[in-house]
Amino acid sequence: MSDPTSEKPDSAGGASVPPAAKPIASQQAANPQSGSEPAITTNSADIPNVKVRQRRRLPSFVWAVPIIAALIGIWLVVHSVTSQGPVITISFKSAEGLEAGKTKIRYKDVDVGHVTAITLSSDRKRVLVSAQLIKSASDILATDTRFFVVKPRISGGSVSGLSTLLSGNYISVDVGVAEATTDEFVGLEEPPLVTRDSAGHEFVLRGTQTGSVNYGSPIFFRHINAGHVTKFTLDQDGKGVTIRVFIDAPYDQYVTADTRFWHASGVDMQLDANGLRITTESLTSLIEGGLAFQDHDDALPGGKPAFEGSIFTLFEDREQAMRAPDTKVRNFLMYFPESLRGLSKGAPVDLRGIVIGEVKSVGVEFSDNGRVPRFPVEVNIFPDRLRSRVRSGTKPPDDDTEAKERALVDHLLASGLRAQLRSGSLLTGQLYIALDFFPDAKPAKMDWSTAYPVLPTVGGGLGEIQDTVGRIAKKIDKLPMEQMSAQLVQALEKLNTTLASTEKLVRRLDTDVTPELTSTLKEAKATLANANAILAEDAPLQQDVRESLKQVAKSARALANLADMLERHPDALLFGKQKVKP
């Protein structure tokens, strides 16, 4: 197939005329003066009509690259927007250790977001930390979710956050359990000691003071670290404190209704018949304080674990905690004749060494008639303490009613029961009240009509010792000291004379008796030497004695033979020894 633009021969057989020649010829015919050459006249019918087809052009592949890049960019933007989680705001008191674009937000050591911006609040009292979370972390934004900064901390005997020395500080999350969600949170300044996934139980303690207990102080169970203090607050009336503690599993199962909590800070020193005993929970409790708990000594085994949030009393020490609860309290007044110096509130009241009460207060009473004021001592008596010590198998006192209880006290008073001040320590001068029996005491009766019955007392103890020393001093003062001094001087003079005579006697013995005694000792020594020579084994005397002893032995044997023969042949004395026939 020939190209439509190729030359074609003339129909008359002449030379072919190219298509471009037609306009040129026409132009020359229209303008005969344009050149010196003669014009060529052509007929338009002789020129063939040529149809030209346009070539279809495809787009270049160069434009595909930016289009694909644009599509990828759009997809990345859409994916980034759709995969982003919520933006939250956390407020802290300080932004120490936090950096925008670097600080991570982690839950169980998994990155769930990062800090995007850090700004100040409108009142400039706190910092606002904006954070971008991943989409899968949208369900952790409960209203009770807690955020806190993890950084190196040293508290008491524990060190935490050491991993942040290399990786940097980060914000940790303690996911809440509330159904409602929010995007604004108040961060904790200290990491929570108990997270919501911690195994254990929280309990409430009520006491009079916190002592040396602080946030995070340990709690011990039989010297084992079993928990820690999570919070402590002052009561609204200002008369006590409330402490929240968390007991880790499995030690929480040992907290029952009979469990006692007490302060375990410091050192407990006891001096008794067994010597000095020093007890402490651990070195950590000495540094930062602590608490301890254990079941009561009389608790029944197999007690059920206490419920979450159960309330317990916090005692001052272990001795007070393990003491049996005082359900009955009886109040009495006592008036002592001697000084009350050294008797303080809380001093024990014992009966023959068994503590059955304590001093409640020490006061003063003035009379209108100008008499000497009296100093009443109010005491609390706990009958159950004495009843708890009743030996098994014996009958307890019959005091189940108030009338029987009063009758029992009257009987004890008739037997000589009295109260007496005694010294608890000569070193500190502290006094205590002792109930004892004094058969020679004056008779006394209780007046039960008053609100505070008066228990009779007797003098004694340290006051009696002082009175005795005073009486002795008076007797010594009455002695004729001058006359006794003169007699003592005379006795000393006679003693000096006797000593002088003794000295003269010793000198005479040294000069006269000693030489004679020396010569006598020499003669005795020589005599002993001669005796030793005579008694030696190789001495002639010893040999003669041995020979003599041998002869005596032979004679003794001969006599024995003779006696034997005469016993068998008595007639031998008359007829002689008979000859033995052959």
# chains A, B, ... in the order shown; residues from 1 in each chain; ligands from 1
call {"tool": "select_by_dssp", "arguments": {"residues": "segment 195-429 of chain A", "states": "helix (DSSP H, G or I)", "output": "PyMOL selection string"}}
result
chain A and resi 251-254+283-288+318-321+383-387+402-414
call {"tool": "write_last_selection", "arguments": {"atoms": "C-alpha atoms", "output": "CSV table (one decimal), in the first residue's frame"}}
result
chain,number,residue,atom,x,y,z
A,251,TYR,CA,-1.1,-12.1,103.4
A,252,ASP,CA,-4.5,-10.5,103.2
A,253,GLN,CA,-6.1,-13.8,104.1
A,254,TYR,CA,-4.6,-13.5,107.6
A,283,LEU,CA,15.9,-1.8,109.9
A,284,THR,CA,13.4,-0.2,107.5
A,285,SER,CA,10.9,0.4,110.3
A,286,LEU,CA,13.6,2.1,112.3
A,287,ILE,CA,14.3,4.5,109.4
A,288,GLU,CA,10.8,5.3,108.0
A,318,ARG,CA,2.2,-4.8,120.6
A,319,GLU,CA,1.6,-5.2,124.3
A,320,GLN,CA,-1.5,-2.9,124.2
A,321,ALA,CA,-2.7,-4.6,121.0
A,383,PRO,CA,-12.8,-6.8,136.1
A,384,ASP,CA,-12.5,-8.9,132.9
A,385,ARG,CA,-8.7,-8.7,133.2
A,386,LEU,CA,-8.8,-10.6,136.4
A,387,ARG,CA,-11.6,-13.0,135.3
A,402,GLU,CA,-23.9,-5.3,140.2
A,403,ALA,CA,-25.2,-6.4,143.7
A,404,LYS,CA,-22.9,-9.5,143.7
A,405,GLU,CA,-20.0,-7.5,142.4
A,406,ARG,CA,-20.4,-5.0,145.3
A,407,ALA,CA,-20.7,-7.8,147.8
A,408,LEU,CA,-17.5,-9.3,146.5
A,409,VAL,CA,-15.6,-6.0,146.9
A,410,ASP,CA,-17.0,-5.6,150.4
A,411,HIS,CA,-15.8,-9.1,151.3
A,412,LEU,CA,-12.3,-8.3,149.9
A,413,LEU,CA,-12.2,-5.1,152.0
A,414,ALA,CA,-13.1,-7.0,155.1
call {"tool": "select_by_dssp", "arguments": {"residues": "segment 61-244 of chain A", "states": "strand (DSSP E)", "output": "PyMOL selection string"}}
result
chain A and resi 84-92+104-107+110-120+127-134+146-150+153-155+158-160+170-174+184-186+200-207+218-221+224-234+241-244
call {"tool": "atom_distance", "arguments": {"atom1": "atom CA of Arg146 of chain A", "atom2": "atom CA of Phe307 of chain A"}}
result
25.0 Å
call {"tool": "residues_around", "arguments": {"residues": "segment 230-245 of chain A", "least_positions_apart": "4", "cutoff": "12 Å", "atoms": "only C-alpha atoms", "output": "MDAnalysis selection string"}}
result
chainID A and resid 190:195 200:220 226 252 255 261:263 290:293 308:314
call {"tool": "write_last_selection", "arguments": {"atoms": "C-alpha atoms", "output": "PDB file, in the first residue's frame"}}
result
ATOM      1  CA  GLU A 190       3.582  10.531  93.374  1.00  0.00           C
ATOM      2  CA  PRO A 191       3.188   7.081  91.794  1.00  0.00           C
ATOM      3  CA  PRO A 192       0.338   5.130  93.413  1.00  0.00           C
ATOM      4  CA  LEU A 193       1.565   2.315  95.604  1.00  0.00           C
ATOM      5  CA  VAL A 194      -1.455   0.237  94.697  1.00  0.00           C
ATOM      6  CA  THR A 195      -2.676  -0.079  91.154  1.00  0.00           C
ATOM      7  CA  GLY A 200      -4.770  -7.797  97.891  1.00  0.00           C
ATOM      8  CA  HIS A 201      -7.225  -5.880 100.070  1.00  0.00           C
ATOM      9  CA  GLU A 202      -7.387  -2.387 101.519  1.00  0.00           C
ATOM     10  CA  PHE A 203      -8.331  -1.772 105.160  1.00  0.00           C
ATOM     11  CA  VAL A 204      -8.955   1.282 107.348  1.00  0.00           C
ATOM     12  CA  LEU A 205      -7.184   1.922 110.665  1.00  0.00           C
ATOM     13  CA  ARG A 206      -8.328   4.399 113.329  1.00  0.00           C
ATOM     14  CA  GLY A 207      -5.826   5.674 115.871  1.00  0.00           C
ATOM     15  CA  THR A 208      -4.847   8.629 118.020  1.00  0.00           C
ATOM     16  CA  GLN A 209      -1.710   9.583 116.070  1.00  0.00           C
ATOM     17  CA  THR A 210       0.294   8.619 113.022  1.00  0.00           C
ATOM     18  CA  GLY A 211       3.569   8.308 114.913  1.00  0.00           C
ATOM     19  CA  SER A 212       6.393   7.930 112.395  1.00  0.00           C
ATOM     20  CA  VAL A 213       4.124   6.413 109.730  1.00  0.00           C
ATOM     21  CA  ASN A 214       4.379   8.029 106.303  1.00  0.00           C
ATOM     22  CA  TYR A 215       3.111   7.447 102.785  1.00  0.00           C
ATOM     23  CA  GLY A 216       4.442   4.078 101.691  1.00  0.00           C
ATOM     24  CA  SER A 217       5.541   2.922 105.161  1.00  0.00           C
ATOM     25  CA  PRO A 218       5.754  -0.888 105.320  1.00  0.00           C
ATOM     26  CA  ILE A 219       3.362  -3.161 107.197  1.00  0.00           C
ATOM     27  CA  PHE A 220       4.787  -6.340 108.714  1.00  0.00           C
ATOM     28  CA  ALA A 226       3.123  -7.768 103.803  1.00  0.00           C
ATOM     29  CA  ASP A 252      -4.493 -10.450 103.214  1.00  0.00           C
ATOM     30  CA  VAL A 255      -6.488 -10.334 108.373  1.00  0.00           C
ATOM     31  CA  PHE A 261      -2.705  -3.543 114.254  1.00  0.00           C
ATOM     32  CA  TRP A 262      -0.051  -1.588 116.153  1.00  0.00           C
ATOM     33  CA  HIS A 263       2.851   0.826 115.624  1.00  0.00           C
ATOM     34  CA  GLY A 290       5.914   1.064 109.986  1.00  0.00           C
ATOM     35  CA  LEU A 291       2.982  -0.937 111.290  1.00  0.00           C
ATOM     36  CA  ALA A 292       2.482  -4.586 112.163  1.00  0.00           C
ATOM     37  CA  PHE A 293      -0.503  -6.882 112.530  1.00  0.00           C
ATOM     38  CA  GLU A 308     -12.474  -5.031 101.873  1.00  0.00           C
ATOM     39  CA  GLY A 309     -12.563  -1.715 103.750  1.00  0.00           C
ATOM     40  CA  SER A 310     -12.962  -3.240 107.227  1.00  0.00           C
ATOM     41  CA  ILE A 311     -12.157  -0.839 110.072  1.00  0.00           C
ATOM     42  CA  PHE A 312      -9.622  -1.741 112.799  1.00  0.00           C
ATOM     43  CA  THR A 313      -8.206   0.050 115.835  1.00  0.00           C
ATOM     44  CA  LEU A 314      -4.549   1.076 115.676  1.00  0.00           C
TER      45      LEU A 314
END
call {"tool": "atom_distance", "arguments": {"atom1": "atom CA of Leu488 of chain A", "atom2": "atom CA of Lys504 of chain A"}}
result
24.8 Å
call {"tool": "closest_residue", "arguments": {"among": "A:Ser265, A:Ser367, A:Ser94, A:Asn331", "to": "Thr450 of chain A", "atoms": "only C-alpha atoms"}}
result
A:Asn331
call {"tool": "atom_distance", "arguments": {"atom1": "atom CA of Asp326 of chain A", "atom2": "atom CA of Val362 of chain A"}}
result
21.7 Å
call {"tool": "closest_residue", "arguments": {"among": "A:Lys104, A:Lys93, A:Arg352, A:Lys328", "to": "Gln132 of chain A", "atoms": "only C-alpha atoms"}}
result
A:Lys104
call {"tool": "residues_around", "arguments": {"residues": "Gln430 of chain A", "least_positions_apart": "4", "cutoff": "10 Å", "atoms": "only C-alpha atoms", "output": "list in words"}}
result
Leu340, Arg341, Gly342, Leu343, Ser344, Ala347, Arg422, Ser423, Gly424, Ser425 and Leu426 of chain A
